[in-house]
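Next comes upload37.cif, with mmCIF, C-alpha atoms; chains and numbers go by the auth columns.
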```cif
data_start
#
loop_
_atom_site.group_PDB
_atom_site.id
_atom_site.type_symbol
_atom_site.label_atom_id
_atom_site.label_comp_id
_atom_site.label_asym_id
_atom_site.label_seq_id
_atom_site.Cartn_x
_atom_site.Cartn_y
_atom_site.Cartn_z
_atom_site.B_iso_or_equiv
_atom_site.auth_seq_id
_atom_site.auth_asym_id
ATOM 1 C CA MET A 1 123.661 72.576 77.514 0.00 17 T
ATOM 2 C CA ASN A 2 122.618 70.187 80.289 0.00 18 T
ATOM 3 C CA GLU A 3 119.332 70.368 82.196 0.00 19 T
ATOM 4 C CA ILE A 4 120.824 71.919 85.339 0.00 20 T
ATOM 5 C CA ASN A 5 122.289 74.778 83.274 0.00 21 T
ATOM 6 C CA ILE A 6 118.906 75.391 81.670 0.00 22 T
ATOM 7 C CA LEU A 7 117.240 75.398 85.084 0.00 23 T
ATOM 8 C CA GLU A 8 119.877 77.799 86.460 0.00 24 T
ATOM 9 C CA ASN A 9 119.284 80.167 83.528 0.00 25 T
ATOM 10 C CA GLN A 10 115.542 80.087 84.241 0.00 26 T
ATOM 11 C CA LEU A 11 116.281 80.750 87.913 0.00 27 T
ATOM 12 C CA LYS A 12 118.379 83.814 87.015 0.00 28 T
ATOM 13 C CA ARG A 13 115.513 85.061 84.864 0.00 29 T
ATOM 14 C CA MET A 14 113.009 84.614 87.705 0.00 30 T
ATOM 15 C CA ARG A 15 115.291 86.301 90.234 0.00 31 T
ATOM 16 C CA SER A 16 115.736 89.296 87.921 0.00 32 T
ATOM 17 C CA MET A 17 111.969 89.418 87.425 0.00 33 T
ATOM 18 C CA ASN A 18 111.531 89.363 91.199 0.00 34 T
ATOM 19 C CA LYS A 19 113.988 92.234 91.595 0.00 35 T
ATOM 20 C CA PHE A 20 112.290 94.299 88.881 0.00 36 T
ATOM 21 C CA TYR A 21 108.814 93.970 90.390 0.00 37 T
ATOM 22 C CA HIS A 22 110.055 94.661 93.913 0.00 38 T
ATOM 23 C CA LEU A 23 111.667 97.869 92.677 0.00 39 T
ATOM 24 C CA GLN A 24 108.569 98.797 90.685 0.00 40 T
ATOM 25 C CA PHE A 25 106.360 98.089 93.706 0.00 41 T
ATOM 26 C CA LEU A 26 108.470 100.386 95.907 0.00 42 T
ATOM 27 C CA LYS A 27 108.454 103.159 93.295 0.00 43 T
ATOM 28 C CA ASP A 28 104.693 102.934 92.954 0.00 44 T
ATOM 29 C CA VAL A 29 104.150 102.944 96.727 0.00 45 T
ATOM 30 C CA ARG A 30 106.096 106.200 96.978 0.00 46 T
ATOM 31 C CA TYR A 31 104.350 107.623 93.906 0.00 47 T
ATOM 32 C CA PHE A 32 100.824 106.829 95.142 0.00 48 T
ATOM 33 C CA PHE A 33 101.666 108.032 98.651 0.00 49 T
ATOM 34 C CA ALA A 34 102.865 111.390 97.293 0.00 50 T
ATOM 35 C CA ILE A 35 99.832 111.777 95.025 0.00 51 T
ATOM 36 C CA SER A 36 97.454 110.851 97.844 0.00 52 T
ATOM 37 C CA ILE A 37 99.021 113.261 100.354 0.00 53 T
ATOM 38 C CA ILE A 38 99.055 116.124 97.844 0.00 54 T
ATOM 39 C CA SER A 39 95.443 115.394 96.872 0.00 55 T
ATOM 40 C CA LEU A 40 94.405 115.132 100.505 0.00 56 T
ATOM 41 C CA ILE A 41 95.981 118.490 101.366 0.00 57 T
ATOM 42 C CA ILE A 42 94.369 120.131 98.335 0.00 58 T
ATOM 43 C CA SER A 43 90.995 118.631 99.335 0.00 59 T
ATOM 44 C CA PHE A 44 91.022 120.688 102.556 0.00 60 T
ATOM 45 C CA ASN A 45 90.566 123.805 100.405 0.00 61 T
ATOM 46 C CA ASN A 46 88.917 122.286 97.339 0.00 62 T
ATOM 47 C CA GLU A 47 86.310 119.614 98.071 0.00 63 T
ATOM 48 C CA THR A 48 86.141 118.614 94.408 0.00 64 T
ATOM 49 C CA VAL A 49 89.446 116.789 94.874 0.00 65 T
ATOM 50 C CA LEU A 50 87.635 114.373 97.214 0.00 66 T
ATOM 51 C CA TYR A 51 86.180 112.795 94.067 0.00 67 T
ATOM 52 C CA LEU A 52 89.699 111.718 93.061 0.00 68 T
ATOM 53 C CA LEU A 53 90.741 110.082 96.342 0.00 69 T
ATOM 54 C CA PRO A 54 88.684 106.861 95.973 0.00 70 T
ATOM 55 C CA LEU A 55 89.980 106.439 92.426 0.00 71 T
ATOM 56 C CA ILE A 56 93.572 107.029 93.557 0.00 72 T
ATOM 57 C CA SER A 57 93.094 104.417 96.321 0.00 73 T
ATOM 58 C CA LEU A 58 91.519 101.853 94.016 0.00 74 T
ATOM 59 C CA PHE A 59 93.978 102.387 91.189 0.00 75 T
ATOM 60 C CA GLY A 60 96.913 102.270 93.609 0.00 76 T
ATOM 61 C CA SER A 61 95.662 99.034 95.166 0.00 77 T
ATOM 62 C CA VAL A 62 95.206 97.393 91.770 0.00 78 T
ATOM 63 C CA MET A 63 98.682 98.457 90.589 0.00 79 T
ATOM 64 C CA LEU A 64 100.373 97.275 93.779 0.00 80 T
ATOM 65 C CA ALA A 65 98.499 93.971 93.634 0.00 81 T
ATOM 66 C CA PHE A 66 99.615 93.653 90.007 0.00 82 T
ATOM 67 C CA HIS A 67 103.240 93.855 91.150 0.00 83 T
ATOM 68 C CA ALA A 68 102.504 91.359 93.934 0.00 84 T
ATOM 69 C CA TYR A 69 100.981 89.093 91.283 0.00 85 T
ATOM 70 C CA PHE A 70 104.335 88.915 89.479 0.00 86 T
ATOM 71 C CA LEU A 71 106.290 88.644 92.728 0.00 87 T
ATOM 72 C CA ILE A 72 104.202 85.657 93.778 0.00 88 T
ATOM 73 C CA PHE A 73 104.713 84.075 90.367 0.00 89 T
ATOM 74 C CA SER A 74 108.488 84.590 90.391 0.00 90 T
ATOM 75 C CA ARG A 75 108.821 83.384 94.000 0.00 91 T
ATOM 76 C CA ASN A 76 106.802 80.251 93.219 0.00 92 T
ATOM 77 C CA TYR A 77 108.762 79.465 90.091 0.00 93 T
ATOM 78 C CA SER A 78 112.107 80.252 91.757 0.00 94 T
ATOM 79 C CA GLU A 79 111.272 77.868 94.585 0.00 95 T
ATOM 80 C CA TYR A 80 110.292 75.165 92.111 0.00 96 T
ATOM 81 C CA LEU A 81 113.544 75.641 90.178 0.00 97 T
ATOM 82 C CA GLU A 82 115.726 75.658 93.292 0.00 98 T
ATOM 83 C CA LYS A 83 114.138 72.468 94.596 0.00 99 T
ATOM 84 C CA LYS A 84 114.534 70.803 91.210 0.00 100 T
ATOM 85 C CA ILE A 85 118.206 71.824 90.909 0.00 101 T
ATOM 86 C CA ASN A 86 118.857 70.668 94.486 0.00 102 T
ATOM 87 C CA LYS A 87 117.221 67.328 93.778 0.00 103 T
ATOM 88 C CA GLN A 88 119.140 66.771 90.537 0.00 104 T
ATOM 89 C CA SER A 89 122.456 67.767 92.074 0.00 105 T
ATOM 90 C CA ASN A 90 121.828 65.797 95.289 0.00 106 T
ATOM 91 C CA SER A 91 122.664 68.847 97.374 0.00 107 T
ATOM 92 C CA GLU A 92 121.054 71.766 99.168 0.00 108 T
ATOM 93 C CA ILE A 93 123.069 74.357 97.267 0.00 109 T
ATOM 94 C CA PHE A 94 120.071 76.651 96.705 0.00 110 T
ATOM 95 C CA ILE A 95 118.388 77.748 99.934 0.00 111 T
ATOM 96 C CA THR A 96 117.042 81.161 98.948 0.00 112 T
ATOM 97 C CA HIS A 97 113.471 79.857 98.797 0.00 113 T
ATOM 98 C CA LYS A 98 113.815 78.580 102.376 0.00 114 T
ATOM 99 C CA LEU A 99 115.147 81.939 103.557 0.00 115 T
ATOM 100 C CA GLU A 100 112.359 83.814 101.750 0.00 116 T
ATOM 101 C CA ASN A 101 109.695 81.519 103.184 0.00 117 T
ATOM 102 C CA SER A 102 111.004 82.067 106.701 0.00 118 T
ATOM 103 C CA TYR A 103 111.947 85.753 106.518 0.00 119 T
ATOM 104 C CA PHE A 104 109.271 87.233 104.226 0.00 120 T
ATOM 105 C CA PHE A 105 106.280 84.902 104.015 0.00 121 T
ATOM 106 C CA PRO A 106 105.725 81.241 103.156 0.00 122 T
ATOM 107 C CA ILE A 107 104.872 81.328 99.467 0.00 123 T
ATOM 108 C CA GLN A 108 102.829 78.106 99.468 0.00 124 T
ATOM 109 C CA ASP A 109 100.610 79.042 102.438 0.00 125 T
ATOM 110 C CA LYS A 110 97.305 80.843 102.279 0.00 126 T
ATOM 111 C CA LYS A 111 97.776 84.551 102.831 0.00 127 T
ATOM 112 C CA ILE A 112 96.244 87.946 102.136 0.00 128 T
ATOM 113 C CA VAL A 113 98.086 88.728 98.882 0.00 129 T
ATOM 114 C CA VAL A 114 101.612 88.690 100.412 0.00 130 T
ATOM 115 C CA ALA A 115 100.716 89.141 104.091 0.00 131 T
ATOM 116 C CA LYS A 116 100.734 86.005 106.219 0.00 132 T
ATOM 117 C CA ILE A 117 98.659 86.173 109.372 0.00 133 T
ATOM 118 C CA GLY A 118 99.472 83.948 112.338 0.00 134 T
ATOM 119 C CA LYS A 119 102.778 82.616 113.635 0.00 135 T
ATOM 120 C CA GLU A 120 104.511 83.365 110.292 0.00 136 T
ATOM 121 C CA PHE A 121 103.539 87.054 110.567 0.00 137 T
ATOM 122 C CA SER A 122 106.581 89.151 109.656 0.00 138 T
ATOM 123 C CA TRP A 123 107.694 92.703 109.110 0.00 139 T
ATOM 124 C CA PHE A 124 106.915 92.129 105.429 0.00 140 T
ATOM 125 C CA SER A 125 103.331 91.238 106.385 0.00 141 T
ATOM 126 C CA PHE A 126 103.088 94.312 108.616 0.00 142 T
ATOM 127 C CA VAL A 127 104.306 96.659 105.877 0.00 143 T
ATOM 128 C CA THR A 128 101.902 95.080 103.379 0.00 144 T
ATOM 129 C CA LEU A 129 98.959 95.518 105.752 0.00 145 T
ATOM 130 C CA PHE A 130 100.101 99.039 106.706 0.00 146 T
ATOM 131 C CA ILE A 131 100.125 100.140 103.061 0.00 147 T
ATOM 132 C CA THR A 132 96.762 98.427 102.526 0.00 148 T
ATOM 133 C CA PHE A 133 95.169 100.105 105.537 0.00 149 T
ATOM 134 C CA TYR A 134 96.567 103.476 104.487 0.00 150 T
ATOM 135 C CA GLY A 135 94.804 103.101 101.128 0.00 151 T
ATOM 136 C CA VAL A 136 91.594 101.915 102.811 0.00 152 T
ATOM 137 C CA ALA A 137 91.691 104.851 105.277 0.00 153 T
ATOM 138 C CA LEU A 138 92.156 107.320 102.430 0.00 154 T
ATOM 139 C CA TYR A 139 89.287 105.697 100.548 0.00 155 T
ATOM 140 C CA VAL A 140 86.955 105.691 103.599 0.00 156 T
ATOM 141 C CA TYR A 141 87.843 109.317 104.412 0.00 157 T
ATOM 142 C CA ALA A 142 86.964 110.393 100.892 0.00 158 T
ATOM 143 C CA ILE A 143 83.725 108.370 100.732 0.00 159 T
ATOM 144 C CA TYR A 144 82.619 109.664 104.139 0.00 160 T
ATOM 145 C CA ASN A 145 83.193 113.257 103.065 0.00 161 T
ATOM 146 C CA LEU A 146 81.637 112.704 99.653 0.00 162 T
ATOM 147 C CA VAL A 147 78.473 111.235 101.189 0.00 163 T
ATOM 148 C CA THR A 148 77.996 114.426 103.201 0.00 164 T
ATOM 149 C CA LEU A 149 78.750 116.677 100.195 0.00 165 T
ATOM 150 C CA MET A 150 77.422 114.535 97.373 0.00 166 T
ATOM 151 C CA ASN A 151 75.504 116.248 94.645 0.00 167 T
ATOM 152 C CA SER A 152 75.586 113.196 92.415 0.00 168 T
ATOM 153 C CA ILE A 153 74.524 109.776 93.623 0.00 169 T
ATOM 154 C CA ASN A 154 75.682 108.349 90.273 0.00 170 T
ATOM 155 C CA TYR A 155 79.338 108.908 91.161 0.00 171 T
ATOM 156 C CA LEU A 156 78.943 107.187 94.522 0.00 172 T
ATOM 157 C CA VAL A 157 77.191 104.210 92.900 0.00 173 T
ATOM 158 C CA PHE A 158 79.981 104.022 90.288 0.00 174 T
ATOM 159 C CA ILE A 159 82.677 104.017 92.984 0.00 175 T
ATOM 160 C CA ILE A 160 80.862 101.390 95.056 0.00 176 T
ATOM 161 C CA ILE A 161 80.403 99.103 92.026 0.00 177 T
ATOM 162 C CA LEU A 162 84.056 99.569 91.017 0.00 178 T
ATOM 163 C CA THR A 163 85.135 98.816 94.592 0.00 179 T
ATOM 164 C CA LEU A 164 83.025 95.657 94.803 0.00 180 T
ATOM 165 C CA ILE A 165 84.368 94.392 91.485 0.00 181 T
ATOM 166 C CA THR A 166 87.966 95.158 92.489 0.00 182 T
ATOM 167 C CA PHE A 167 87.593 93.557 95.910 0.00 183 T
ATOM 168 C CA SER A 168 85.784 90.490 94.530 0.00 184 T
ATOM 169 C CA VAL A 169 88.371 89.779 91.838 0.00 185 T
ATOM 170 C CA GLY A 170 91.248 90.375 94.278 0.00 186 T
ATOM 171 C CA TYR A 171 89.668 88.077 96.857 0.00 187 T
ATOM 172 C CA TRP A 172 89.002 85.400 94.221 0.00 188 T
ATOM 173 C CA TRP A 173 92.552 85.495 92.856 0.00 189 T
ATOM 174 C CA PHE A 174 94.679 86.127 95.941 0.00 190 T
ATOM 175 C CA VAL A 175 92.823 85.047 99.082 0.00 191 T
ATOM 176 C CA ASN A 176 91.254 81.964 97.475 0.00 192 T
ATOM 177 C CA ASN A 177 94.690 81.083 96.025 0.00 193 T
ATOM 178 C CA VAL A 178 93.322 80.597 92.511 0.00 194 T
ATOM 179 C CA GLY A 179 96.534 81.825 90.877 0.00 195 T
ATOM 180 C CA GLU A 180 98.855 79.798 93.055 0.00 196 T
ATOM 181 C CA SER A 181 96.668 76.729 92.599 0.00 197 T
ATOM 182 C CA ARG A 182 97.126 77.105 88.858 0.00 198 T
ATOM 183 C CA LEU A 183 100.899 77.162 89.325 0.00 199 T
ATOM 184 C CA ARG A 184 100.843 74.118 91.608 0.00 200 T
ATOM 185 C CA SER A 185 98.782 72.164 89.091 0.00 201 T
ATOM 186 C CA ILE A 186 101.577 72.595 86.528 0.00 202 T
ATOM 187 C CA TYR A 187 104.360 71.803 89.022 0.00 203 T
ATOM 188 C CA ASP A 188 102.579 68.642 90.077 0.00 204 T
ATOM 189 C CA GLU A 189 102.387 67.297 86.497 0.00 205 T
#
```
Take the structure from the file and write it as structure tokens.
Amino acid sequence: MNEINILENQLKRMRSMNKFYHLQFLKDVRYFFAISIISLIISFNNETVLYLLPLISLFGSVMLAFHAYFLIFSRNYSEYLEKKINKQSNSEIFITHKLENSYFFPIQDKKIVVAKIGKEFSWFSFVTLFITFYGVALYVYAIYNLVTLMNSINYLVFIIILTLITFSVGYWWFVNNVGESRLRSIYDE
């Protein structure tokens, strides 16, 4: 088996990984949306359900970011493989990474998870931010209502600490590009 065949097999593996996590992401978006709407409607008659909404928002955001984590990995590795195959074959036979960078978001640029702000803003970025703001709005709605109804300050402190930890780790990994920097350091070897 020659090197190009090995690289092509790795590329197939990464593309199938990308497909799997896109599908999983979309399933989870629908799942968390349904759970949040049902919980929200129930909370109109049962205020105890408000205690669940921040947890649903946080858990949903972590799960969706987990899928994005794998999507970013597979996009990065796919791009690396396509460029390497193109270079070895002296052709531009693989252009998927170029299409993805133009149509979805540029994988190597700094972004908010998978949303690129600025001139590369796309529908993909809009949908990502829309889903994010939906989760934030649900979270803020629940916290606002819980503050007015709160019998236990301990729960509010727990939620705030959990939120700060979640936000801090997400910011560190995604916005500061720590994960993608780790990938680039291996590609550059």
### Task
Return the single residue from T:Met30, T:Leu66, T:Val45, T:Leu199 that is closest to Met79 of chain T, with distances computed using all atoms listed in the file.
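Among the listed residues, T:Val45 lies closest to Met79 of chain T.
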### Task
Enumerate, as a ChimeraX atom specification, the residues matched when the PyMOL selection byres ((chain T and resi 154-160) around 12) is run on the file above.
/T:48-49,51-53,55-57,59-60,63-77,147-153,161-166,169,171-176,179
#### Entry: Nearest to Ile123 of chain T, chosen from T:Tyr37, T:Phe82, T:Phe89, T:Trp188, with all atoms listed in the file counted in the distances
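So, comparing all the options, the nearest one is T:Phe89.
Atom CA of Phe121 of chain T is found 16.4 Å from atom CA of Lys35 of chain T.
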### Task
Within 10 Å of (97.6, 88.4, 103.5) (coordinates as in the file), grab all the protein and nucleic acid residues, counting all atoms listed in the file, and write them out as a PyMOL selection string.
chain T and resi 121+125-133+137+141-142+144-145+190-191
### Task
Do a neighbour search on Phe120 of chain T at 6 Å with only C-alpha atoms, toss out local chain neighbours closer than 3 positions, and write the hits as a list of chain:residue names.
T:Glu116, T:Asn117, T:Phe140
### Query
Which residue, T:Arg31, T:Gln26, T:Glu136, T:Phe41, has the smallest gap to Val78 of chain T when you use all atoms listed in the file?
T:Phe41
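Note that atom CA of Ser94 of chain T and atom CA of Gln40 of chain T are 18.9 Å apart.
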### Query
Quick one: distance from atom CA of Ile202 of chain T to atom CA of Glu98 of chain T in Å, one decimal?
16.0 Å
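This file gives the following result for the PyMOL selection byres ((chain T and resi 100) around 12): T:Glu19, T:Ile20, T:Asn21, T:Ile22, T:Leu23, T:Glu24, T:Gln26, T:Leu27, T:Tyr93, T:Ser94, T:Glu95, T:Tyr96, T:Leu97, T:Glu98, T:Lys99, T:Ile101, T:Asn102, T:Lys103, T:Gln104, T:Ser105, T:Asn106, T:Ser107, T:Glu108, T:Ile109, T:Phe110, T:Ile111, T:His113, T:Tyr203.
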### Message
Calculated over all atoms listed in the file, which of the candidates T:Lys28, T:Tyr85, T:Ala50, T:Ser138 has the smallest distance to Trp189 of chain T?
### Response
T:Tyr85
### Query
Which of these residues is nearest to Ala81 of chain T, using only C-alpha atoms: T:Asn34, T:Ser118, T:Asn192, T:Thr182?
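With only C-alpha atoms as the atom set, the closest residue is T:Thr182.
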